[in-house]
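**Student:** Below is the file coords-v5.cif, which contains mmCIF, N, CA and C atoms.
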```cif
data_coords
#
loop_
_atom_site.group_PDB
_atom_site.id
_atom_site.type_symbol
_atom_site.label_atom_id
_atom_site.label_comp_id
_atom_site.auth_asym_id
_atom_site.auth_seq_id
_atom_site.Cartn_x
_atom_site.Cartn_y
_atom_site.Cartn_z
ATOM 1 N N MET A 1037 7.691 -12.583 12.225
ATOM 2 C CA MET A 1037 6.474 -13.064 11.565
ATOM 3 C C MET A 1037 6.855 -13.503 10.158
ATOM 4 N N THR A 1038 6.708 -14.772 9.897
ATOM 5 C CA THR A 1038 7.009 -15.319 8.574
ATOM 6 C C THR A 1038 5.709 -15.553 7.821
ATOM 7 N N ALA A 1039 5.841 -15.898 6.567
ATOM 8 C CA ALA A 1039 4.653 -16.152 5.744
ATOM 9 C C ALA A 1039 3.773 -17.216 6.378
ATOM 10 N N SER A 1040 4.382 -18.233 6.958
ATOM 11 C CA SER A 1040 3.595 -19.314 7.533
ATOM 12 C C SER A 1040 2.826 -18.886 8.775
ATOM 13 N N SER A 1041 3.208 -17.751 9.375
ATOM 14 C CA SER A 1041 2.508 -17.302 10.569
ATOM 15 C C SER A 1041 1.388 -16.314 10.268
ATOM 16 N N ILE A 1042 1.193 -15.940 9.013
ATOM 17 C CA ILE A 1042 0.117 -15.037 8.641
ATOM 18 C C ILE A 1042 -1.165 -15.847 8.512
ATOM 19 N N THR A 1043 -2.161 -15.460 9.286
ATOM 20 C CA THR A 1043 -3.452 -16.135 9.258
ATOM 21 C C THR A 1043 -4.545 -15.085 9.165
ATOM 22 N N GLU A 1044 -5.767 -15.547 9.127
ATOM 23 C CA GLU A 1044 -6.906 -14.635 9.104
ATOM 24 C C GLU A 1044 -6.994 -13.821 10.390
ATOM 25 N N LYS A 1045 -6.383 -14.299 11.451
ATOM 26 C CA LYS A 1045 -6.410 -13.607 12.745
ATOM 27 C C LYS A 1045 -5.307 -12.563 12.890
ATOM 28 N N THR A 1046 -4.363 -12.521 11.949
ATOM 29 C CA THR A 1046 -3.273 -11.552 11.995
ATOM 30 C C THR A 1046 -3.847 -10.143 11.919
ATOM 31 N N LEU A 1047 -3.346 -9.264 12.773
ATOM 32 C CA LEU A 1047 -3.805 -7.874 12.757
ATOM 33 C C LEU A 1047 -3.191 -7.132 11.577
ATOM 34 N N VAL A 1048 -3.995 -6.328 10.930
ATOM 35 C CA VAL A 1048 -3.548 -5.572 9.758
ATOM 36 C C VAL A 1048 -2.345 -4.711 10.113
ATOM 37 N N GLY A 1049 -2.400 -4.022 11.229
ATOM 38 C CA GLY A 1049 -1.296 -3.154 11.640
ATOM 39 C C GLY A 1049 0.002 -3.915 11.824
ATOM 40 N N ASP A 1050 -0.055 -5.087 12.484
ATOM 41 C CA ASP A 1050 1.139 -5.911 12.676
ATOM 42 C C ASP A 1050 1.692 -6.383 11.341
ATOM 43 N N LEU A 1051 0.807 -6.801 10.470
ATOM 44 C CA LEU A 1051 1.215 -7.297 9.160
ATOM 45 C C LEU A 1051 1.971 -6.236 8.380
ATOM 46 N N VAL A 1052 1.400 -5.054 8.271
ATOM 47 C CA VAL A 1052 2.006 -3.991 7.453
ATOM 48 C C VAL A 1052 3.294 -3.469 8.082
ATOM 49 N N ARG A 1053 3.362 -3.419 9.410
ATOM 50 C CA ARG A 1053 4.603 -2.994 10.073
ATOM 51 C C ARG A 1053 5.735 -3.995 9.815
ATOM 52 N N ARG A 1054 5.436 -5.266 9.902
ATOM 53 C CA ARG A 1054 6.473 -6.293 9.759
ATOM 54 C C ARG A 1054 6.778 -6.657 8.317
ATOM 55 N N HIS A 1055 5.776 -6.482 7.464
ATOM 56 C CA HIS A 1055 5.925 -6.832 6.043
ATOM 57 C C HIS A 1055 5.332 -5.714 5.185
ATOM 58 N N PRO A 1056 6.019 -4.575 5.087
ATOM 59 C CA PRO A 1056 5.467 -3.449 4.324
ATOM 60 C C PRO A 1056 5.166 -3.785 2.865
ATOM 61 N N GLU A 1057 5.827 -4.813 2.337
ATOM 62 C CA GLU A 1057 5.572 -5.209 0.949
ATOM 63 C C GLU A 1057 4.145 -5.712 0.748
ATOM 64 N N THR A 1058 3.459 -6.057 1.822
ATOM 65 C CA THR A 1058 2.083 -6.544 1.702
ATOM 66 C C THR A 1058 1.070 -5.418 1.528
ATOM 67 N N ALA A 1059 1.476 -4.198 1.828
ATOM 68 C CA ALA A 1059 0.558 -3.066 1.678
ATOM 69 C C ALA A 1059 0.060 -2.950 0.238
ATOM 70 N N GLU A 1060 0.940 -3.230 -0.709
ATOM 71 C CA GLU A 1060 0.554 -3.157 -2.131
ATOM 72 C C GLU A 1060 -0.577 -4.140 -2.440
ATOM 73 N N VAL A 1061 -0.506 -5.327 -1.865
ATOM 74 C CA VAL A 1061 -1.569 -6.323 -2.065
ATOM 75 C C VAL A 1061 -2.878 -5.791 -1.497
ATOM 76 N N LEU A 1062 -2.814 -5.270 -0.283
ATOM 77 C CA LEU A 1062 -4.023 -4.773 0.377
ATOM 78 C C LEU A 1062 -4.616 -3.570 -0.363
ATOM 79 N N PHE A 1063 -3.765 -2.630 -0.762
ATOM 80 C CA PHE A 1063 -4.257 -1.485 -1.547
ATOM 81 C C PHE A 1063 -4.859 -1.959 -2.864
ATOM 82 N N GLY A 1064 -4.231 -2.949 -3.473
ATOM 83 C CA GLY A 1064 -4.675 -3.457 -4.768
ATOM 84 C C GLY A 1064 -6.061 -4.063 -4.751
ATOM 85 N N ILE A 1065 -6.500 -4.531 -3.586
ATOM 86 C CA ILE A 1065 -7.845 -5.110 -3.517
ATOM 87 C C ILE A 1065 -8.839 -4.177 -2.831
ATOM 88 N N GLY A 1066 -8.396 -2.942 -2.584
ATOM 89 C CA GLY A 1066 -9.345 -1.952 -2.082
ATOM 90 C C GLY A 1066 -9.270 -1.605 -0.615
ATOM 91 N N PHE A 1067 -8.245 -2.074 0.082
ATOM 92 C CA PHE A 1067 -8.077 -1.706 1.485
ATOM 93 C C PHE A 1067 -7.391 -0.344 1.532
ATOM 94 N N SER A 1068 -8.136 0.703 1.329
ATOM 95 C CA SER A 1068 -7.548 2.038 1.278
ATOM 96 C C SER A 1068 -7.350 2.646 2.656
ATOM 97 N N CYS A 1069 -7.742 1.939 3.686
ATOM 98 C CA CYS A 1069 -7.723 2.502 5.043
ATOM 99 C C CYS A 1069 -6.567 1.980 5.890
ATOM 100 N N LEU A 1070 -5.447 1.616 5.283
ATOM 101 C CA LEU A 1070 -4.345 1.040 6.049
ATOM 102 C C LEU A 1070 -3.774 1.999 7.088
ATOM 103 N N GLY A 1071 -3.882 3.284 6.856
ATOM 104 C CA GLY A 1071 -3.378 4.262 7.811
ATOM 105 C C GLY A 1071 -4.387 4.627 8.879
ATOM 106 N N CYS A 1072 -5.588 4.163 8.731
ATOM 107 C CA CYS A 1072 -6.659 4.460 9.680
ATOM 108 C C CYS A 1072 -6.354 3.789 11.013
ATOM 109 N N PRO A 1073 -6.496 4.504 12.128
ATOM 110 C CA PRO A 1073 -6.220 3.895 13.442
ATOM 111 C C PRO A 1073 -7.042 2.632 13.698
ATOM 112 N N ALA A 1074 -8.257 2.573 13.237
ATOM 113 C CA ALA A 1074 -9.095 1.400 13.467
ATOM 114 C C ALA A 1074 -8.532 0.162 12.775
ATOM 115 N N SER A 1075 -7.933 0.336 11.621
ATOM 116 C CA SER A 1075 -7.415 -0.818 10.884
ATOM 117 C C SER A 1075 -6.211 -1.447 11.569
ATOM 118 N N GLN A 1076 -5.525 -0.712 12.395
ATOM 119 C CA GLN A 1076 -4.326 -1.225 13.043
ATOM 120 C C GLN A 1076 -4.620 -2.405 13.969
ATOM 121 N N ASN A 1077 -5.792 -2.408 14.573
ATOM 122 C CA ASN A 1077 -6.172 -3.476 15.499
ATOM 123 C C ASN A 1077 -7.272 -4.365 14.938
ATOM 124 N N GLU A 1078 -7.403 -4.355 13.623
ATOM 125 C CA GLU A 1078 -8.418 -5.167 12.956
ATOM 126 C C GLU A 1078 -7.740 -6.393 12.348
ATOM 127 N N SER A 1079 -8.349 -7.544 12.506
ATOM 128 C CA SER A 1079 -7.779 -8.751 11.908
ATOM 129 C C SER A 1079 -8.012 -8.737 10.396
ATOM 130 N N LEU A 1080 -7.214 -9.497 9.690
ATOM 131 C CA LEU A 1080 -7.430 -9.635 8.247
ATOM 132 C C LEU A 1080 -8.828 -10.180 7.984
ATOM 133 N N GLU A 1081 -9.264 -11.088 8.818
ATOM 134 C CA GLU A 1081 -10.595 -11.673 8.674
ATOM 135 C C GLU A 1081 -11.677 -10.601 8.767
ATOM 136 N N ASP A 1082 -11.573 -9.733 9.760
ATOM 137 C CA ASP A 1082 -12.564 -8.659 9.927
ATOM 138 C C ASP A 1082 -12.493 -7.657 8.781
ATOM 139 N N ALA A 1083 -11.278 -7.298 8.389
ATOM 140 C CA ALA A 1083 -11.109 -6.344 7.294
ATOM 141 C C ALA A 1083 -11.693 -6.900 5.993
ATOM 142 N N CYS A 1084 -11.467 -8.172 5.744
ATOM 143 C CA CYS A 1084 -12.009 -8.803 4.534
ATOM 144 C C CYS A 1084 -13.532 -8.826 4.569
ATOM 145 N N ALA A 1085 -14.092 -9.104 5.728
ATOM 146 C CA ALA A 1085 -15.551 -9.133 5.850
ATOM 147 C C ALA A 1085 -16.142 -7.767 5.551
ATOM 148 N N VAL A 1086 -15.516 -6.715 6.065
ATOM 149 C CA VAL A 1086 -16.001 -5.348 5.840
ATOM 150 C C VAL A 1086 -15.925 -4.983 4.356
ATOM 151 N N HIS A 1087 -14.861 -5.426 3.698
ATOM 152 C CA HIS A 1087 -14.637 -5.055 2.292
ATOM 153 C C HIS A 1087 -15.173 -6.077 1.298
ATOM 154 N N GLY A 1088 -15.744 -7.173 1.785
ATOM 155 C CA GLY A 1088 -16.360 -8.149 0.903
ATOM 156 C C GLY A 1088 -15.402 -9.070 0.173
ATOM 157 N N PHE A 1089 -14.276 -9.387 0.815
ATOM 158 C CA PHE A 1089 -13.295 -10.274 0.200
ATOM 159 C C PHE A 1089 -13.199 -11.577 0.969
ATOM 160 N N SER A 1090 -12.727 -12.599 0.310
ATOM 161 C CA SER A 1090 -12.462 -13.880 0.953
ATOM 162 C C SER A 1090 -11.175 -13.761 1.765
ATOM 163 N N ALA A 1091 -11.267 -13.929 3.072
ATOM 164 C CA ALA A 1091 -10.077 -13.845 3.920
ATOM 165 C C ALA A 1091 -9.071 -14.924 3.543
ATOM 166 N N GLU A 1092 -9.557 -16.091 3.197
ATOM 167 C CA GLU A 1092 -8.673 -17.192 2.806
ATOM 168 C C GLU A 1092 -7.840 -16.814 1.585
ATOM 169 N N GLU A 1093 -8.462 -16.203 0.594
ATOM 170 C CA GLU A 1093 -7.755 -15.801 -0.624
ATOM 171 C C GLU A 1093 -6.755 -14.686 -0.336
ATOM 172 N N VAL A 1094 -7.142 -13.718 0.473
ATOM 173 C CA VAL A 1094 -6.249 -12.604 0.805
ATOM 174 C C VAL A 1094 -5.032 -13.127 1.569
ATOM 175 N N VAL A 1095 -5.239 -13.997 2.523
ATOM 176 C CA VAL A 1095 -4.125 -14.572 3.285
ATOM 177 C C VAL A 1095 -3.203 -15.350 2.349
ATOM 178 N N ARG A 1096 -3.769 -16.099 1.426
ATOM 179 C CA ARG A 1096 -2.951 -16.845 0.462
ATOM 180 C C ARG A 1096 -2.067 -15.899 -0.352
ATOM 181 N N ARG A 1097 -2.667 -14.822 -0.854
ATOM 182 C CA ARG A 1097 -1.913 -13.857 -1.670
ATOM 183 C C ARG A 1097 -0.829 -13.173 -0.847
ATOM 184 N N ILE A 1098 -1.152 -12.802 0.377
ATOM 185 C CA ILE A 1098 -0.177 -12.145 1.243
ATOM 186 C C ILE A 1098 0.983 -13.084 1.538
ATOM 187 N N ASN A 1099 0.686 -14.327 1.849
ATOM 188 C CA ASN A 1099 1.752 -15.294 2.133
ATOM 189 C C ASN A 1099 2.649 -15.519 0.923
ATOM 190 N N GLU A 1100 2.089 -15.476 -0.265
ATOM 191 C CA GLU A 1100 2.898 -15.601 -1.484
ATOM 192 C C GLU A 1100 3.871 -14.427 -1.606
ATOM 193 N N VAL A 1101 3.388 -13.222 -1.344
ATOM 194 C CA VAL A 1101 4.225 -12.027 -1.433
ATOM 195 C C VAL A 1101 5.350 -12.083 -0.397
ATOM 196 N N ILE A 1102 5.022 -12.481 0.813
ATOM 197 C CA ILE A 1102 6.028 -12.563 1.874
ATOM 198 C C ILE A 1102 7.070 -13.638 1.530
ATOM 199 N N ALA A 1103 6.628 -14.786 1.067
ATOM 200 C CA ALA A 1103 7.552 -15.861 0.715
ATOM 201 C C ALA A 1103 8.493 -15.419 -0.399
ATOM 202 N N LEU A 1104 7.986 -14.719 -1.387
ATOM 203 C CA LEU A 1104 8.809 -14.222 -2.477
ATOM 204 C C LEU A 1104 9.823 -13.207 -1.952
ATOM 205 N N SER A 1105 9.387 -12.331 -1.095
ATOM 206 C CA SER A 1105 10.279 -11.320 -0.518
ATOM 207 C C SER A 1105 11.382 -11.969 0.305
ATOM 208 N N GLU A 1106 11.038 -12.977 1.101
ATOM 209 C CA GLU A 1106 12.022 -13.673 1.922
ATOM 210 C C GLU A 1106 13.018 -14.424 1.055
ATOM 211 N N LYS A 1107 12.549 -14.958 -0.056
ATOM 212 C CA LYS A 1107 13.415 -15.691 -0.989
ATOM 213 C C LYS A 1107 14.429 -14.748 -1.634
ATOM 214 N N GLU A 1108 13.978 -13.525 -1.938
ATOM 215 C CA GLU A 1108 14.844 -12.535 -2.583
ATOM 216 C C GLU A 1108 15.901 -11.984 -1.629
ATOM 217 N N ASN A 1109 15.615 -12.027 -0.341
ATOM 218 C CA ASN A 1109 16.559 -11.487 0.656
ATOM 219 C C ASN A 1109 17.409 -12.576 1.148
#
```
Spell out the structure here as structure tokens.
**Tutor:**
Amino acid sequence: MTASSITEKTLVGDLVRRHPETAEVLFGIGFSCLGCPASQNESLEDACAVHGFSAEEVVRRINEVIALSEKEN
């Protein structure tokens, strides 16, 4: 899973497993439930709706973090 493959439909659990560096972004905007079993099968779009965030903005920020991490490695 590369930055370009992260979309609003990406599951939170898949994202954090494959790109643990994104957890900081999610925690930073209030997604405190990353360890919750329900969040593992929740899309970024659904999680953003529950927490009142723009899924488009969150996906943009996550993709930036992943791209930076890939560049550093």
**Student:** Smallest atom-to-atom distance to Gln1076 in chain A: which of A:Glu1100, A:Asp1050, A:Glu1092, A:Glu1060, using all atoms listed in the file?
**Tutor:**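 Of A:Glu1100, A:Asp1050, A:Glu1092, A:Glu1060, the one nearest Gln1076 in chain A is A:Asp1050, counting all atoms listed in the file.
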**Student:** Would you write out, as a list in words, every residue that the PyMOL selection byres (((chain A and resi 1101 and name CA) around 10) and name CA) captures in this file?
**Tutor:**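 Residues picked by the PyMOL selection byres (((chain A and resi 1101 and name CA) around 10) and name CA): Ala1039, His1055, Glu1057, Thr1058, Glu1060, Val1061, Val1095, Arg1096, Arg1097, Ile1098, Asn1099, Glu1100, Ile1102, Ala1103, Leu1104, Ser1105, Glu1106 and Lys1107 of chain A.
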**Student:** For Cys1069 in chain A, please output as a short mmCIF file (atom, residue, chain, number, x, y, z; two decimals) with N, CA and C atoms, in the frame of the given file all residues within 12 Å (counting only C-alpha atoms; exclusion window: fewer than 2 positions along the same chain).
**Tutor:**
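Done, and the output landed in part.cif:
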```cif
data_model
loop_
_atom_site.label_atom_id
_atom_site.label_comp_id
_atom_site.auth_asym_id
_atom_site.auth_seq_id
_atom_site.Cartn_x
_atom_site.Cartn_y
_atom_site.Cartn_z
N VAL A 1048 -4.00 -6.33 10.93
CA VAL A 1048 -3.55 -5.57 9.76
C VAL A 1048 -2.35 -4.71 10.11
N GLY A 1049 -2.40 -4.02 11.23
CA GLY A 1049 -1.30 -3.15 11.64
C GLY A 1049 0.00 -3.92 11.82
N VAL A 1052 1.40 -5.05 8.27
CA VAL A 1052 2.01 -3.99 7.45
C VAL A 1052 3.29 -3.47 8.08
N ALA A 1059 1.48 -4.20 1.83
CA ALA A 1059 0.56 -3.07 1.68
C ALA A 1059 0.06 -2.95 0.24
N LEU A 1062 -2.81 -5.27 -0.28
CA LEU A 1062 -4.02 -4.77 0.38
C LEU A 1062 -4.62 -3.57 -0.36
N PHE A 1063 -3.76 -2.63 -0.76
CA PHE A 1063 -4.26 -1.48 -1.55
C PHE A 1063 -4.86 -1.96 -2.86
N GLY A 1064 -4.23 -2.95 -3.47
CA GLY A 1064 -4.68 -3.46 -4.77
C GLY A 1064 -6.06 -4.06 -4.75
N ILE A 1065 -6.50 -4.53 -3.59
CA ILE A 1065 -7.84 -5.11 -3.52
C ILE A 1065 -8.84 -4.18 -2.83
N GLY A 1066 -8.40 -2.94 -2.58
CA GLY A 1066 -9.35 -1.95 -2.08
C GLY A 1066 -9.27 -1.60 -0.62
N PHE A 1067 -8.24 -2.07 0.08
CA PHE A 1067 -8.08 -1.71 1.48
C PHE A 1067 -7.39 -0.34 1.53
N GLY A 1071 -3.88 3.28 6.86
CA GLY A 1071 -3.38 4.26 7.81
C GLY A 1071 -4.39 4.63 8.88
N CYS A 1072 -5.59 4.16 8.73
CA CYS A 1072 -6.66 4.46 9.68
C CYS A 1072 -6.35 3.79 11.01
N PRO A 1073 -6.50 4.50 12.13
CA PRO A 1073 -6.22 3.90 13.44
C PRO A 1073 -7.04 2.63 13.70
N ALA A 1074 -8.26 2.57 13.24
CA ALA A 1074 -9.10 1.40 13.47
C ALA A 1074 -8.53 0.16 12.78
N SER A 1075 -7.93 0.34 11.62
CA SER A 1075 -7.42 -0.82 10.88
C SER A 1075 -6.21 -1.45 11.57
N GLN A 1076 -5.52 -0.71 12.40
CA GLN A 1076 -4.33 -1.23 13.04
C GLN A 1076 -4.62 -2.40 13.97
N GLU A 1078 -7.40 -4.36 13.62
CA GLU A 1078 -8.42 -5.17 12.96
C GLU A 1078 -7.74 -6.39 12.35
N ALA A 1083 -11.28 -7.30 8.39
CA ALA A 1083 -11.11 -6.34 7.29
C ALA A 1083 -11.69 -6.90 5.99
N VAL A 1086 -15.52 -6.72 6.06
CA VAL A 1086 -16.00 -5.35 5.84
C VAL A 1086 -15.92 -4.98 4.36
N HIS A 1087 -14.86 -5.43 3.70
CA HIS A 1087 -14.64 -5.06 2.29
C HIS A 1087 -15.17 -6.08 1.30
#
```
**Student:** Given only C-alpha atoms as the basis, pick out the residue of A:Ser1090, A:Ala1085, A:Leu1080, A:Asn1109 nearest to Glu1044 in chain A.
**Tutor:**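 With only C-alpha atoms as the atom set, the closest residue is A:Leu1080.
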**Student:** Which of these residues is nearest to Thr1043 in chain A, using only C-alpha atoms: A:Pro1056, A:Gly1088, A:Asn1077, A:Val1094?
**Tutor:**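 Among the listed residues, A:Val1094 lies closest to Thr1043 in chain A.
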**Student:** Which of chain A counts as alpha helix (DSSP H) under DSSP, as an MDAnalysis selection string please?
**Tutor:** chainID A and resid 1048:1054 1059:1064 1073:1076 1080:1087 1091:1108
